[in-house]
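Reproduced below: entry.cif, with mmCIF, C-alpha atoms.
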data_structure
loop_
_atom_site.label_atom_id
_atom_site.label_comp_id
_atom_site.auth_asym_id
_atom_site.auth_seq_id
_atom_site.Cartn_x
_atom_site.Cartn_y
_atom_site.Cartn_z
CA MET A 1 10.45 18.23 10.27
CA ALA A 2 7.96 20.46 8.44
CA ASP A 3 4.26 19.98 9.11
CA ALA A 4 3.25 16.41 8.32
CA ASP A 5 -0.34 15.50 7.54
CA VAL A 6 -2.61 13.05 5.73
CA ARG A 7 -5.43 14.13 3.44
CA GLU A 8 -7.75 12.64 0.86
CA ALA A 9 -6.20 12.49 -2.60
CA VAL A 10 -7.76 14.49 -5.44
CA PRO A 11 -7.45 13.89 -9.20
CA SER A 12 -4.74 16.55 -9.53
CA ASP A 13 -2.56 14.37 -7.23
CA ALA A 14 -2.44 11.56 -9.82
CA GLU A 15 0.83 12.72 -11.39
CA GLU A 16 2.63 12.89 -8.04
CA ILE A 17 1.19 9.58 -6.83
CA ALA A 18 2.39 7.91 -10.06
CA ARG A 19 5.83 9.49 -9.67
CA ILE A 20 6.09 8.24 -6.08
CA GLN A 21 4.97 4.74 -7.08
CA LEU A 22 7.48 4.45 -9.92
CA THR A 23 10.33 6.06 -7.95
CA THR A 24 9.71 3.76 -5.00
CA TRP A 25 9.47 0.63 -7.12
CA ARG A 26 12.63 1.54 -9.04
CA THR A 27 14.65 2.24 -5.90
CA ALA A 28 13.23 -0.03 -3.22
CA PHE A 29 12.11 -3.04 -5.28
CA THR A 30 15.20 -3.69 -7.39
CA GLU A 31 15.77 -6.98 -5.56
CA LEU A 32 12.12 -8.02 -5.91
CA LEU A 33 11.35 -7.22 -9.53
CA PRO A 34 13.42 -7.90 -12.65
CA ALA A 35 15.10 -4.86 -14.24
CA ALA A 36 13.08 -5.40 -17.42
CA VAL A 37 9.81 -5.07 -15.49
CA LEU A 38 11.00 -1.88 -13.79
CA ASP A 39 12.28 -0.47 -17.10
CA GLU A 40 8.90 -1.07 -18.77
CA LEU A 41 6.95 0.96 -16.21
CA ASP A 42 5.27 3.83 -18.04
CA SER A 43 4.73 7.05 -16.10
CA ALA A 44 1.94 8.33 -18.38
CA ALA A 45 -0.01 5.07 -18.13
CA THR A 46 0.52 4.89 -14.36
CA GLU A 47 -0.66 8.48 -13.96
CA GLN A 48 -3.75 7.72 -16.05
CA GLU A 49 -4.54 4.67 -13.90
CA TRP A 50 -4.30 6.79 -10.73
CA ARG A 51 -6.41 9.57 -12.27
CA HIS A 52 -9.08 6.97 -13.05
CA ALA A 53 -8.83 5.52 -9.53
CA LEU A 54 -9.24 8.98 -8.02
CA THR A 55 -12.30 9.83 -10.08
CA ASP A 56 -14.10 6.52 -10.69
CA GLY A 57 -12.43 3.88 -8.52
CA PRO A 58 -14.05 2.15 -5.56
CA ALA A 59 -11.00 2.57 -3.32
CA ALA A 60 -10.19 5.46 -1.03
CA VAL A 61 -6.80 7.08 -1.62
CA LEU A 62 -5.02 9.15 0.99
CA VAL A 63 -1.77 11.06 0.58
CA ALA A 64 0.85 11.89 3.19
CA THR A 65 2.27 15.37 3.03
CA GLU A 66 5.27 17.06 4.56
CA GLY A 67 5.09 20.78 4.15
CA PRO A 68 3.94 21.38 0.55
CA TRP A 69 5.15 17.98 -0.74
CA ILE A 70 3.23 14.74 -1.25
CA VAL A 71 5.54 12.07 0.14
CA GLY A 72 3.45 8.90 0.13
CA PHE A 73 0.02 7.41 -0.45
CA CYS A 74 -2.31 4.63 0.63
CA ALA A 75 -5.17 3.06 -1.34
CA ALA A 76 -7.76 0.80 0.26
CA GLY A 77 -11.36 -0.29 0.08
CA PRO A 78 -13.65 -3.27 0.54
CA ALA A 79 -11.79 -6.52 -0.12
CA PRO A 80 -13.01 -8.44 -3.16
CA GLU A 81 -14.04 -12.01 -2.33
CA ALA A 82 -11.10 -13.40 -4.31
CA GLU A 83 -8.68 -11.45 -2.09
CA VAL A 84 -10.19 -12.47 1.24
CA ALA A 85 -10.92 -16.14 0.44
CA ALA A 86 -8.82 -18.89 1.95
CA ALA A 87 -6.47 -20.83 -0.31
CA ASN A 88 -9.21 -23.44 -0.84
CA GLY A 89 -11.67 -20.73 -1.96
CA THR A 90 -13.84 -20.67 1.15
CA LEU A 91 -14.84 -17.32 2.56
CA PRO A 92 -14.38 -16.42 6.21
CA GLU A 93 -17.45 -15.42 8.23
CA ASP A 94 -16.34 -11.77 8.23
CA ALA A 95 -15.71 -11.58 4.46
CA ALA A 96 -18.25 -8.77 3.96
CA THR A 97 -16.43 -6.52 6.44
CA VAL A 98 -12.82 -7.10 5.39
CA ALA A 99 -10.92 -4.19 3.82
CA LEU A 100 -7.99 -4.51 1.42
CA VAL A 101 -5.04 -2.14 1.66
CA SER A 102 -3.95 -2.41 -1.96
CA ALA A 103 -1.08 0.09 -1.84
CA LEU A 104 0.92 1.87 0.81
CA LEU A 105 4.10 3.55 -0.37
CA VAL A 106 6.29 6.31 1.01
CA GLU A 107 9.01 7.63 -1.25
CA PRO A 108 12.30 6.29 0.19
CA ARG A 109 13.87 9.71 0.74
CA TRP A 110 10.93 10.57 3.05
CA GLY A 111 11.07 7.27 4.95
CA ARG A 112 11.48 6.79 8.69
CA ARG A 113 9.55 9.99 9.46
CA GLY A 114 6.22 8.45 10.50
CA HIS A 115 4.43 8.95 7.17
CA GLY A 116 3.59 5.25 6.75
CA ARG A 117 2.13 5.09 10.25
CA ARG A 118 0.05 8.20 9.67
CA LEU A 119 -1.21 6.89 6.33
CA LEU A 120 -2.15 3.44 7.61
CA GLY A 121 -3.64 4.89 10.80
CA ALA A 122 -5.83 7.37 8.93
CA MET A 123 -6.89 4.77 6.38
CA VAL A 124 -7.77 2.17 9.00
CA GLU A 125 -9.76 4.77 10.91
CA ARG A 126 -11.67 5.61 7.75
CA LEU A 127 -12.28 1.95 6.89
CA ALA A 128 -13.48 1.14 10.41
CA ALA A 129 -15.89 4.09 10.30
CA GLY A 130 -17.28 2.52 7.11
CA GLY A 131 -17.87 -0.82 8.84
CA ALA A 132 -14.61 -2.71 8.23
CA THR A 133 -13.73 -5.08 11.05
CA ARG A 134 -10.44 -6.41 9.72
CA GLY A 135 -7.84 -5.45 7.15
CA ILE A 136 -5.70 -7.45 4.76
CA THR A 137 -2.80 -6.63 2.48
CA TRP A 138 -0.42 -8.59 0.26
CA VAL A 139 3.32 -8.17 0.81
CA PRO A 140 6.14 -9.80 -1.14
CA GLU A 141 7.71 -12.31 1.23
CA ALA A 142 11.18 -10.89 0.49
CA ASN A 143 10.11 -7.29 1.26
CA THR A 144 11.39 -7.31 4.81
CA ALA A 145 10.84 -3.58 5.38
CA SER A 146 7.12 -3.72 4.51
CA MET A 147 6.72 -6.99 6.40
CA ALA A 148 8.26 -5.42 9.52
CA PHE A 149 6.12 -2.28 9.14
CA PHE A 150 2.84 -4.19 9.02
CA ARG A 151 3.92 -6.52 11.82
CA SER A 152 4.67 -3.46 13.97
CA ALA A 153 1.02 -2.42 13.43
CA GLY A 154 -0.22 -5.80 14.66
CA TRP A 155 -0.83 -7.34 11.24
CA ALA A 156 0.60 -10.80 10.56
CA PRO A 157 0.62 -13.50 7.87
CA ASP A 158 -2.65 -15.43 7.98
CA GLY A 159 -1.38 -18.51 6.15
CA THR A 160 -2.51 -17.57 2.63
CA VAL A 161 0.17 -17.27 -0.03
CA ARG A 162 0.09 -16.42 -3.72
CA THR A 163 2.72 -16.40 -6.42
CA LEU A 164 2.64 -13.76 -9.13
CA ASP A 165 4.51 -13.71 -12.42
CA ALA A 166 6.91 -10.76 -12.22
CA GLY A 167 8.29 -10.67 -15.73
CA GLY A 168 9.05 -14.38 -15.85
CA ARG A 169 10.26 -14.52 -12.25
CA PRO A 170 7.94 -15.84 -9.53
CA LEU A 171 7.08 -13.30 -6.81
CA ARG A 172 5.75 -14.95 -3.67
CA GLU A 173 3.40 -12.79 -1.59
CA LEU A 174 2.01 -13.39 1.87
CA ARG A 175 -1.40 -12.13 2.89
CA LEU A 176 -1.26 -10.22 6.14
CA SER A 177 -4.32 -9.68 8.24
CA GLY A 178 -4.90 -7.36 11.15
CA PRO A 179 -7.27 -5.44 13.36
CA MET A 180 -8.73 -2.01 12.73
CA GLU A 181 -7.25 -0.85 16.02
CA LEU A 182 -3.57 -0.30 15.30
CA GLN A 183 -1.04 -0.40 18.08
CA PHE A 184 2.34 0.32 16.54
CA GLU A 185 5.30 -1.26 18.27
CA GLU A 186 8.49 0.76 18.33
CA ARG A 187 11.06 -0.56 15.85
#

Final structure tokens representation of the file:
Amino acid sequence: MADADVREAVPSDAEEIARIQLTTWRTAFTELLPAAVLDELDSAATEQEWRHALTDGPAAVLVATEGPWIVGFCAAGPAPEAEVAAANGTLPEDAATVALVSALLVEPRWGRRGHGRRLLGAMVERLAAGGATRGITWVPEANTASMAFFRSAGWAPDGTVRTLDAGGRPLRELRLSGPMELQFEER
């Protein structure tokens, strides 16, 4: 394997981050999202959203690289109250120090090479240095690969579930919660 690393994303990475997001969704999420939803994804709009996130957004964005290529990314930041609240709307005692991992994707052709672990590890380290004591993320219940990945890091469903409208089809997501000290299990 060529040199693998993780670095902070810069605005000029927006095009590649958007390409990775759309490629990954269109190849890995075909069972989760309706074809019409995947067909409607617009690369220019997605790139613009990432460019905005990288210049004005509150989240940190890291990219995984292998040699000269960007192969994955992770976006995270302080968790909004709505994301960390229990199903009944109450906030946990640690709500102010919970971080939300809003995206973690590695392009499928670069999978199984440790990029996801490096991305999550670097992001969690960064979040903990900023005062985060716990992390959360939302994973589609049917996304067994992502579920297994986060479980291997010590994150698990915390009992909160939400259902999104994915182009007229319900998409059930579980909220996973975990420590800032990752201990990846071998899979």

Residues matched by the PyMOL selection byres ((chain A and resi 4-17) around 9), written as a PyMOL selection string: chain A and resi 1-3+18-22+43-44+46-55+60-67+70-73+114-115+118-119+122

Which one is closest to A:Arg162: A:Ala87, A:Ala103, A:Ala76, A:Leu41? Count only C-alpha atoms. A:Ala87

Could you state the separation of atom CA of A:Ala156 and atom CA of A:Thr30 in Å, given to one decimal place?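 Between atom CA of A:Ala156 and atom CA of A:Thr30 the gap works out to 24.2 Å.
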
Pick the closest to A:Leu120 from A:Thr144, A:Ser102, A:Asn88, A:Thr27: which is it, counting only C-alpha atoms?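 Checking each candidate against A:Leu120, we get A:Ser102 as the closest.
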
Expand the PyMOL selection byres ((chain A and resi 138) around 12) into the individual residues it matches in the shown file, reporting them as a PyMOL selection string. chain A and resi 76+79+83-84+99-104+135-137+139-143+146-147+150+155-164+171-178

For a test of reading the model, state the distance in Å between atom CA of A:Gln183 and atom CA of A:Ala95, rounded to one decimal.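 Atom-to-atom, atom CA of A:Gln183 to atom CA of A:Ala95, that is 22.9 Å.
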
Figure out the distance between atom CA of A:Glu81 and atom CA of A:Leu182, please, to one decimal in Å. 23.6 Å

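Of the listed residues (A:Ser152, A:Arg134, A:Phe184, A:Met123), A:Arg134 comes nearest to A:Pro92; the distances count all atoms listed in the file.
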
Select, from A:Ala86, A:Ala59, A:Leu38, A:Ala153, the residue with the minimum atom-to-atom distance to A:Gly167, counting only C-alpha atoms.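 Nearest candidate to A:Gly167 out of A:Ala86, A:Ala59, A:Leu38, A:Ala153: A:Leu38.
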
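Checking A:Glu107, A:Glu181, A:Thr23, A:Asp165 one by one against A:Trp69, counting all atoms listed in the file, you find the shortest gap at A:Glu107.
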
All heavy atoms are what I want for stretch 163-174 of chain A; can you complete it accordingly and write them as a PDB file, keeping the file's coordinate frame?
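Generated output (out-v1.pdb):
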ATOM      1  N   THR A 163       1.519 -16.632  -5.623  1.00  0.00           N
ATOM      2  CA  THR A 163       2.720 -16.400  -6.420  1.00  0.00           C
ATOM      3  C   THR A 163       2.322 -15.709  -7.702  1.00  0.00           C
ATOM      4  O   THR A 163       1.463 -16.201  -8.446  1.00  0.00           O
ATOM      5  CB  THR A 163       3.454 -17.724  -6.711  1.00  0.00           C
ATOM      6  OG1 THR A 163       3.768 -18.365  -5.471  1.00  0.00           O
ATOM      7  CG2 THR A 163       4.741 -17.463  -7.484  1.00  0.00           C
ATOM      8  N   LEU A 164       2.919 -14.552  -7.932  1.00  0.00           N
ATOM      9  CA  LEU A 164       2.640 -13.760  -9.130  1.00  0.00           C
ATOM     10  C   LEU A 164       3.775 -13.938 -10.127  1.00  0.00           C
ATOM     11  O   LEU A 164       4.907 -14.255  -9.749  1.00  0.00           O
ATOM     12  CB  LEU A 164       2.518 -12.280  -8.755  1.00  0.00           C
ATOM     13  CG  LEU A 164       1.492 -11.929  -7.690  1.00  0.00           C
ATOM     14  CD1 LEU A 164       1.555 -10.439  -7.363  1.00  0.00           C
ATOM     15  CD2 LEU A 164       0.100 -12.328  -8.122  1.00  0.00           C
ATOM     16  N   ASP A 165       3.486 -13.698 -11.382  1.00  0.00           N
ATOM     17  CA  ASP A 165       4.510 -13.710 -12.420  1.00  0.00           C
ATOM     18  C   ASP A 165       5.042 -12.290 -12.553  1.00  0.00           C
ATOM     19  O   ASP A 165       4.341 -11.395 -12.994  1.00  0.00           O
ATOM     20  CB  ASP A 165       3.920 -14.187 -13.743  1.00  0.00           C
ATOM     21  CG  ASP A 165       4.933 -14.160 -14.882  1.00  0.00           C
ATOM     22  OD1 ASP A 165       6.123 -13.840 -14.633  1.00  0.00           O
ATOM     23  OD2 ASP A 165       4.536 -14.454 -16.023  1.00  0.00           O
ATOM     24  N   ALA A 166       6.266 -12.080 -12.145  1.00  0.00           N
ATOM     25  CA  ALA A 166       6.910 -10.760 -12.220  1.00  0.00           C
ATOM     26  C   ALA A 166       7.915 -10.786 -13.356  1.00  0.00           C
ATOM     27  O   ALA A 166       9.115 -10.942 -13.158  1.00  0.00           O
ATOM     28  CB  ALA A 166       7.584 -10.422 -10.900  1.00  0.00           C
ATOM     29  N   GLY A 167       7.414 -10.680 -14.562  1.00  0.00           N
ATOM     30  CA  GLY A 167       8.290 -10.670 -15.730  1.00  0.00           C
ATOM     31  C   GLY A 167       9.057 -11.963 -15.902  1.00  0.00           C
ATOM     32  O   GLY A 167      10.248 -11.939 -16.214  1.00  0.00           O
ATOM     33  N   GLY A 168       8.392 -13.092 -15.702  1.00  0.00           N
ATOM     34  CA  GLY A 168       9.050 -14.380 -15.850  1.00  0.00           C
ATOM     35  C   GLY A 168       9.710 -14.891 -14.580  1.00  0.00           C
ATOM     36  O   GLY A 168      10.220 -16.002 -14.549  1.00  0.00           O
ATOM     37  N   ARG A 169       9.697 -14.111 -13.540  1.00  0.00           N
ATOM     38  CA  ARG A 169      10.260 -14.520 -12.250  1.00  0.00           C
ATOM     39  C   ARG A 169       9.108 -14.622 -11.246  1.00  0.00           C
ATOM     40  O   ARG A 169       8.304 -13.699 -11.132  1.00  0.00           O
ATOM     41  CB  ARG A 169      11.263 -13.482 -11.762  1.00  0.00           C
ATOM     42  CG  ARG A 169      11.898 -13.871 -10.432  1.00  0.00           C
ATOM     43  CD  ARG A 169      12.663 -12.781  -9.747  1.00  0.00           C
ATOM     44  NE  ARG A 169      13.681 -12.141 -10.555  1.00  0.00           N
ATOM     45  CZ  ARG A 169      14.321 -11.052 -10.177  1.00  0.00           C
ATOM     46  NH1 ARG A 169      14.064 -10.485  -9.022  1.00  0.00           N
ATOM     47  NH2 ARG A 169      15.240 -10.509 -10.952  1.00  0.00           N
ATOM     48  N   PRO A 170       9.022 -15.729 -10.507  1.00  0.00           N
ATOM     49  CA  PRO A 170       7.940 -15.840  -9.530  1.00  0.00           C
ATOM     50  C   PRO A 170       8.154 -14.852  -8.367  1.00  0.00           C
ATOM     51  O   PRO A 170       9.270 -14.663  -7.895  1.00  0.00           O
ATOM     52  CB  PRO A 170       8.021 -17.281  -9.044  1.00  0.00           C
ATOM     53  CG  PRO A 170       9.367 -17.762  -9.423  1.00  0.00           C
ATOM     54  CD  PRO A 170       9.850 -16.916 -10.555  1.00  0.00           C
ATOM     55  N   LEU A 171       7.056 -14.223  -7.945  1.00  0.00           N
ATOM     56  CA  LEU A 171       7.080 -13.300  -6.810  1.00  0.00           C
ATOM     57  C   LEU A 171       6.078 -13.822  -5.801  1.00  0.00           C
ATOM     58  O   LEU A 171       4.867 -13.761  -6.018  1.00  0.00           O
ATOM     59  CB  LEU A 171       6.718 -11.882  -7.249  1.00  0.00           C
ATOM     60  CG  LEU A 171       6.683 -10.835  -6.140  1.00  0.00           C
ATOM     61  CD1 LEU A 171       8.077 -10.607  -5.567  1.00  0.00           C
ATOM     62  CD2 LEU A 171       6.103  -9.532  -6.664  1.00  0.00           C
ATOM     63  N   ARG A 172       6.593 -14.356  -4.715  1.00  0.00           N
ATOM     64  CA  ARG A 172       5.750 -14.950  -3.670  1.00  0.00           C
ATOM     65  C   ARG A 172       5.295 -13.852  -2.709  1.00  0.00           C
ATOM     66  O   ARG A 172       6.119 -13.101  -2.174  1.00  0.00           O
ATOM     67  CB  ARG A 172       6.557 -16.019  -2.931  1.00  0.00           C
ATOM     68  CG  ARG A 172       5.804 -16.764  -1.867  1.00  0.00           C
ATOM     69  CD  ARG A 172       6.727 -17.828  -1.264  1.00  0.00           C
ATOM     70  NE  ARG A 172       6.350 -18.208   0.053  1.00  0.00           N
ATOM     71  CZ  ARG A 172       5.658 -19.293   0.357  1.00  0.00           C
ATOM     72  NH1 ARG A 172       5.276 -20.117  -0.602  1.00  0.00           N
ATOM     73  NH2 ARG A 172       5.360 -19.580   1.610  1.00  0.00           N
ATOM     74  N   GLU A 173       3.970 -13.765  -2.512  1.00  0.00           N
ATOM     75  CA  GLU A 173       3.400 -12.790  -1.590  1.00  0.00           C
ATOM     76  C   GLU A 173       2.655 -13.493  -0.468  1.00  0.00           C
ATOM     77  O   GLU A 173       2.008 -14.512  -0.690  1.00  0.00           O
ATOM     78  CB  GLU A 173       2.427 -11.857  -2.311  1.00  0.00           C
ATOM     79  CG  GLU A 173       3.076 -10.912  -3.286  1.00  0.00           C
ATOM     80  CD  GLU A 173       2.082  -9.908  -3.838  1.00  0.00           C
ATOM     81  OE1 GLU A 173       0.920 -10.275  -4.105  1.00  0.00           O
ATOM     82  OE2 GLU A 173       2.485  -8.747  -4.009  1.00  0.00           O
ATOM     83  N   LEU A 174       2.742 -12.902   0.713  1.00  0.00           N
ATOM     84  CA  LEU A 174       2.010 -13.390   1.870  1.00  0.00           C
ATOM     85  C   LEU A 174       0.858 -12.433   2.127  1.00  0.00           C
ATOM     86  O   LEU A 174       1.028 -11.216   2.016  1.00  0.00           O
ATOM     87  CB  LEU A 174       2.901 -13.429   3.107  1.00  0.00           C
ATOM     88  CG  LEU A 174       4.205 -14.222   3.016  1.00  0.00           C
ATOM     89  CD1 LEU A 174       4.933 -14.175   4.349  1.00  0.00           C
ATOM     90  CD2 LEU A 174       3.937 -15.656   2.609  1.00  0.00           C
TER      91      LEU A 174
END
